[in-house]
Protein chains: 2
Amino acid sequence: MADLPKPTEAELEILQILWEKEPCTVRQVNEVLSQKKKTGYTTTLKFMQIMLEKGLLKREEAGRSHIYSSAVAEADTQQRLLDRFVNQVFKGSASKLVMQALGNKKSSKDELEQIRKLLDEIDNADNE
Amino acid sequence: MADLPKPTEAELEILQILWEKEPCTVRQVNEVLSQKKKTGYTTTLKFMQIMLEKGLLKREEAGRSHIYSSAVAEADTQQRLLDRFVNQVFKGSASKLVMQALGNKKSSKDELEQIRKLLDEIDNADNE
DNA sequence: CTCTTTCTACGAAATATTTCGTAATAAAAT
DNA sequence: ATTTTATTACGAAATATTTCGTAGAAAGAG
């Protein structure tokens, strides 16, 4: 578990698609990706080859073509990016980020309730 | 209130310093910046000139030299970056981000209490 | 006044990221 | 069997970001 590189913005878009639909061929990924931005097939292919080299994806040969899957878990990646983000933008203060996020984003009652439950759990476990 | 460009990583580091200590000369900023990464004086200067052009900074002539301040507020910038981040990494779900942030980051009791209060306020105002 | 130091401005090199064209190959269609 | 289509690999152009060197001007020291 060496230090995986931080995925770039474009790489993250591809990971999002794979997390949702994997395993996928390049074509399948490109079909989804090219709806948000007009991306050529070989552009997507190139990204996925680069990501394979970086260890972000894995693949399996299927005759002429390849079938890709993510090699990094969604939650792990989110956590890694979040840590970076909190440090860069909020000087490491997760609670400041949380308050800013809650302040301007409307969340459903259900979600707010879940957050409350989480707070309770943290409080209870908080006898370090 | 046109669309300010998203500050790059290096630009954000400079903004952080200014938000803390502004107004500053290039030298003052570089003194702080060069402690985290060995940055040459002209590198910092160049960044600050670019940031002036982009509208991220403003400055005032002081004889031979210039005195810079931020032209964007910290909270606004954080909010803008946060929105982007939530969309890119958490598919727009602020509450997922919040839970991930609370889950792995230890926050003080005080901070957790503040978040609870914030939740209450949201609940009360929540008659969309 | 002359030399040294401290600025700014500018250009451009170095690196990272994104995008695509072309060639080679294999499969599928006719 | 020839042509069309689909796929990978590769290289490199286009763009964005980071870094620094050099020149010139202005201030300060001697």
# chains A, B, ... in the order shown; residues from 1 in each chain; ligands from 1
call {"tool": "closest_atom_pairs", "arguments": {"of": "chain D", "to": "chain B", "cutoff": "7 Å", "atoms": "only C-alpha atoms (C1' of nucleotides)", "output": "CSV"}}
result
residue,atom,partner,partner_atom,distance
D:DT19,C1',B:Thr43,CA,6.0
D:DC20,C1',B:Thr43,CA,6.6
D:DA26,C1',B:Arg64,CA,6.5
call {"tool": "interface_residues", "arguments": {"of": "chain C", "to": "chain B", "cutoff": "12 Å", "atoms": "only C-alpha atoms (C1' of nucleotides)", "output": "PDB file with N, CA and C atoms (P, O5', C5', C4', C3', O3' and C1' of nucleotides), in the first residue's frame"}}
result
ATOM      1  P    DT C   6      19.324  43.590   0.365  1.00  0.00           P
ATOM      2  O5'  DT C   6      18.171  44.272  -0.504  1.00  0.00           O
ATOM      3  C5'  DT C   6      17.698  45.559  -0.152  1.00  0.00           C
ATOM      4  C4'  DT C   6      16.542  45.895  -1.063  1.00  0.00           C
ATOM      5  C3'  DT C   6      15.571  44.729  -1.256  1.00  0.00           C
ATOM      6  O3'  DT C   6      14.256  45.252  -1.229  1.00  0.00           O
ATOM      7  C1'  DT C   6      16.290  45.518  -3.325  1.00  0.00           C
ATOM      8  P    DC C   7      13.047  44.362  -0.784  1.00  0.00           P
ATOM      9  O5'  DC C   7      11.927  44.857  -1.785  1.00  0.00           O
ATOM     10  C5'  DC C   7      11.994  44.357  -3.076  1.00  0.00           C
ATOM     11  C4'  DC C   7      11.603  45.436  -4.044  1.00  0.00           C
ATOM     12  C3'  DC C   7      10.733  44.850  -5.142  1.00  0.00           C
ATOM     13  O3'  DC C   7       9.377  45.154  -4.904  1.00  0.00           O
ATOM     14  C1'  DC C   7      12.654  45.941  -6.072  1.00  0.00           C
ATOM     15  P    DT C   8       8.295  44.264  -5.590  1.00  0.00           P
ATOM     16  O5'  DT C   8       8.335  44.712  -7.123  1.00  0.00           O
ATOM     17  C5'  DT C   8       8.007  46.047  -7.473  1.00  0.00           C
ATOM     18  C4'  DT C   8       8.231  46.234  -8.959  1.00  0.00           C
ATOM     19  C3'  DT C   8       7.332  45.353  -9.825  1.00  0.00           C
ATOM     20  O3'  DT C   8       6.622  46.160 -10.746  1.00  0.00           O
ATOM     21  C1'  DT C   8       9.635  45.045 -10.413  1.00  0.00           C
ATOM     22  P    DA C   9       5.470  45.554 -11.659  1.00  0.00           P
ATOM     23  O5'  DA C   9       6.253  45.091 -12.969  1.00  0.00           O
ATOM     24  C5'  DA C   9       7.046  46.037 -13.669  1.00  0.00           C
ATOM     25  C4'  DA C   9       7.724  45.357 -14.849  1.00  0.00           C
ATOM     26  C3'  DA C   9       6.815  44.430 -15.647  1.00  0.00           C
ATOM     27  O3'  DA C   9       6.920  44.807 -17.019  1.00  0.00           O
ATOM     28  C1'  DA C   9       8.801  43.290 -15.031  1.00  0.00           C
ATOM     29  P    DC C  10       5.919  44.265 -18.138  1.00  0.00           P
ATOM     30  O5'  DC C  10       6.773  43.090 -18.785  1.00  0.00           O
ATOM     31  C5'  DC C  10       8.126  43.360 -19.140  1.00  0.00           C
ATOM     32  C4'  DC C  10       8.844  42.054 -19.410  1.00  0.00           C
ATOM     33  C3'  DC C  10       7.988  41.023 -20.128  1.00  0.00           C
ATOM     34  O3'  DC C  10       8.517  40.889 -21.430  1.00  0.00           O
ATOM     35  C1'  DC C  10       9.309  40.056 -18.410  1.00  0.00           C
ATOM     36  P    DG C  11       7.799  40.009 -22.565  1.00  0.00           P
ATOM     37  O5'  DG C  11       8.774  38.748 -22.679  1.00  0.00           O
ATOM     38  C5'  DG C  11      10.169  38.943 -22.527  1.00  0.00           C
ATOM     39  C4'  DG C  11      10.828  37.613 -22.299  1.00  0.00           C
ATOM     40  C3'  DG C  11      10.165  36.463 -23.056  1.00  0.00           C
ATOM     41  O3'  DG C  11      11.189  35.655 -23.610  1.00  0.00           O
ATOM     42  C1'  DG C  11      10.254  35.939 -20.775  1.00  0.00           C
TER      43       DG C  11
END
call {"tool": "residues_around", "arguments": {"residues": "stretch 21-23 of chain C", "least_positions_apart": "4", "cutoff": "10 Å", "atoms": "only C-alpha atoms (C1' of nucleotides)", "output": "ChimeraX atom specification"}}
result
/A:42 /D:9-13
call {"tool": "interface_residues", "arguments": {"of": "chain B", "to": "chain A", "cutoff": "9 Å", "atoms": "only C-alpha atoms", "output": "PyMOL selection string"}}
result
chain B and resi 9+12-13+16+75+77-79+81-83+85-86+88-91+93-109+111-116+118-119+122-123+126
call {"tool": "write_last_selection", "arguments": {"atoms": "C-alpha atoms", "output": "mmCIF file, in the first residue's frame"}}
result
data_model
loop_
_atom_site.group_PDB
_atom_site.id
_atom_site.type_symbol
_atom_site.label_atom_id
_atom_site.label_comp_id
_atom_site.auth_asym_id
_atom_site.auth_seq_id
_atom_site.Cartn_x
_atom_site.Cartn_y
_atom_site.Cartn_z
ATOM 1 C CA GLU B 9 -2.862 25.152 -5.279
ATOM 2 C CA LEU B 12 -4.190 29.279 -2.484
ATOM 3 C CA GLU B 13 -1.098 29.027 -0.315
ATOM 4 C CA GLN B 16 -3.801 31.785 3.092
ATOM 5 C CA ALA B 75 -15.073 32.397 3.482
ATOM 6 C CA THR B 77 -13.300 31.307 -1.519
ATOM 7 C CA GLN B 78 -13.689 28.376 0.810
ATOM 8 C CA GLN B 79 -17.330 28.095 -0.137
ATOM 9 C CA LEU B 81 -13.894 25.541 -3.536
ATOM 10 C CA LEU B 82 -16.067 23.453 -1.284
ATOM 11 C CA ASP B 83 -18.940 23.459 -3.772
ATOM 12 C CA PHE B 85 -15.141 19.653 -4.262
ATOM 13 C CA VAL B 86 -18.486 18.282 -3.137
ATOM 14 C CA GLN B 88 -16.422 16.387 -7.958
ATOM 15 C CA VAL B 89 -15.714 13.980 -5.143
ATOM 16 C CA PHE B 90 -19.063 13.393 -3.448
ATOM 17 C CA LYS B 91 -21.388 13.765 -6.431
ATOM 18 C CA SER B 93 -23.887 15.178 -1.543
ATOM 19 C CA ALA B 94 -22.790 17.561 1.185
ATOM 20 C CA SER B 95 -24.026 15.275 3.901
ATOM 21 C CA LYS B 96 -21.915 12.395 2.663
ATOM 22 C CA LEU B 97 -18.919 14.670 2.826
ATOM 23 C CA VAL B 98 -19.853 15.790 6.314
ATOM 24 C CA MET B 99 -20.131 12.275 7.572
ATOM 25 C CA GLN B 100 -16.859 11.264 6.039
ATOM 26 C CA ALA B 101 -15.203 14.309 7.541
ATOM 27 C CA LEU B 102 -16.616 13.689 11.002
ATOM 28 C CA GLY B 103 -15.896 10.004 10.833
ATOM 29 C CA ASN B 104 -12.179 10.198 10.499
ATOM 30 C CA LYS B 105 -11.285 13.499 12.020
ATOM 31 C CA LYS B 106 -11.321 14.025 15.711
ATOM 32 C CA SER B 107 -12.954 17.263 16.607
ATOM 33 C CA SER B 108 -13.177 18.778 20.020
ATOM 34 C CA LYS B 109 -16.329 18.553 22.107
ATOM 35 C CA GLU B 111 -16.749 21.923 17.896
ATOM 36 C CA LEU B 112 -19.143 19.002 17.900
ATOM 37 C CA GLU B 113 -21.470 21.034 20.064
ATOM 38 C CA GLN B 114 -21.361 23.857 17.560
ATOM 39 C CA ILE B 115 -22.236 21.494 14.776
ATOM 40 C CA ARG B 116 -25.220 20.246 16.775
ATOM 41 C CA LEU B 118 -26.079 24.352 13.593
ATOM 42 C CA LEU B 119 -28.158 21.263 12.867
ATOM 43 C CA ILE B 122 -31.229 24.160 10.030
ATOM 44 C CA ASP B 123 -34.057 21.991 11.301
ATOM 45 C CA ASP B 126 -36.402 23.836 7.410
#
call {"tool": "select_by_dssp", "arguments": {"residues": "stretch 19-72 of chain A", "states": "alpha helix (DSSP H)", "output": "VMD selection string"}}
result
chain A and resid 19 to 21 26 to 36 41 to 54
call {"tool": "select_by_dssp", "arguments": {"residues": "stretch 57-113 of chain B", "states": "strand (DSSP E or B)", "output": "PyMOL selection string"}}
result
chain B and resi 57-62+65-70
call {"tool": "write_last_selection", "arguments": {"atoms": "C-alpha atoms", "output": "PDB file, in the first residue's frame"}}
result
ATOM      1  CA  LEU B  57      -5.209  40.201  -5.218  1.00  0.00           C
ATOM      2  CA  LYS B  58      -5.072  43.943  -5.140  1.00  0.00           C
ATOM      3  CA  ARG B  59      -2.125  46.175  -4.369  1.00  0.00           C
ATOM      4  CA  GLU B  60      -1.025  49.614  -3.465  1.00  0.00           C
ATOM      5  CA  GLU B  61       2.136  51.406  -4.475  1.00  0.00           C
ATOM      6  CA  ALA B  62       4.440  52.289  -1.631  1.00  0.00           C
ATOM      7  CA  SER B  65       7.586  48.529  -3.812  1.00  0.00           C
ATOM      8  CA  HIS B  66       4.041  47.206  -3.676  1.00  0.00           C
ATOM      9  CA  ILE B  67       1.846  46.184  -0.828  1.00  0.00           C
ATOM     10  CA  TYR B  68      -0.618  43.427  -1.536  1.00  0.00           C
ATOM     11  CA  SER B  69      -3.922  42.356  -0.072  1.00  0.00           C
ATOM     12  CA  SER B  70      -6.416  39.696  -1.004  1.00  0.00           C
TER      13      SER B  70
END
call {"tool": "decode", "arguments": {"residues": "stretch 57-76 of chain A", "atoms": "N, CA and C atoms", "output": "CSV table (one decimal), in the first residue's frame"}}
result
chain,number,residue,atom,x,y,z
A,57,LEU,N,-6.2,1.8,-11.8
A,57,LEU,CA,-7.2,0.9,-12.4
A,57,LEU,C,-6.5,-0.5,-12.5
A,58,LYS,N,-7.3,-1.5,-12.7
A,58,LYS,CA,-6.7,-2.8,-13.1
A,58,LYS,C,-7.6,-3.2,-14.3
A,59,ARG,N,-7.1,-4.2,-15.1
A,59,ARG,CA,-7.8,-4.7,-16.2
A,59,ARG,C,-7.6,-6.1,-16.5
A,60,GLU,N,-8.5,-6.6,-17.4
A,60,GLU,CA,-8.5,-8.0,-17.7
A,60,GLU,C,-8.6,-8.1,-19.2
A,61,GLU,N,-7.9,-9.0,-19.8
A,61,GLU,CA,-8.0,-9.2,-21.2
A,61,GLU,C,-9.2,-10.0,-21.6
A,62,ALA,N,-9.9,-9.5,-22.6
A,62,ALA,CA,-11.1,-10.2,-23.0
A,62,ALA,C,-11.0,-10.3,-24.5
A,63,GLY,N,-10.2,-11.2,-25.0
A,63,GLY,CA,-10.0,-11.3,-26.5
A,63,GLY,C,-9.3,-10.0,-27.0
A,64,ARG,N,-9.9,-9.4,-27.9
A,64,ARG,CA,-9.3,-8.2,-28.5
A,64,ARG,C,-9.2,-7.0,-27.6
A,65,SER,N,-10.2,-6.9,-26.6
A,65,SER,CA,-10.3,-5.7,-25.9
A,65,SER,C,-10.0,-5.9,-24.4
A,66,HIS,N,-10.0,-4.9,-23.6
A,66,HIS,CA,-9.8,-5.0,-22.2
A,66,HIS,C,-11.0,-4.5,-21.4
A,67,ILE,N,-11.0,-5.1,-20.2
A,67,ILE,CA,-12.2,-4.8,-19.3
A,67,ILE,C,-11.6,-4.2,-18.0
A,68,TYR,N,-11.9,-3.0,-17.7
A,68,TYR,CA,-11.3,-2.3,-16.6
A,68,TYR,C,-12.1,-2.3,-15.4
A,69,SER,N,-11.5,-2.2,-14.2
A,69,SER,CA,-12.1,-1.9,-13.0
A,69,SER,C,-11.2,-1.0,-12.2
A,70,SER,N,-11.8,-0.4,-11.2
A,70,SER,CA,-11.0,0.5,-10.3
A,70,SER,C,-10.1,-0.4,-9.4
A,71,ALA,N,-8.9,0.2,-9.1
A,71,ALA,CA,-8.0,-0.5,-8.2
A,71,ALA,C,-8.0,0.2,-6.8
A,72,VAL,N,-8.8,1.2,-6.7
A,72,VAL,CA,-8.8,2.0,-5.4
A,72,VAL,C,-10.3,2.1,-5.0
A,73,ALA,N,-10.6,2.0,-3.8
A,73,ALA,CA,-11.9,2.0,-3.3
A,73,ALA,C,-12.4,3.5,-3.2
A,74,GLU,N,-13.7,3.6,-3.5
A,74,GLU,CA,-14.3,4.9,-3.5
A,74,GLU,C,-14.1,5.7,-2.2
A,75,ALA,N,-14.5,5.0,-1.1
A,75,ALA,CA,-14.4,5.7,0.2
A,75,ALA,C,-13.0,6.0,0.6
A,76,ASP,N,-12.0,5.2,0.3
A,76,ASP,CA,-10.6,5.5,0.6
A,76,ASP,C,-10.2,6.7,-0.2
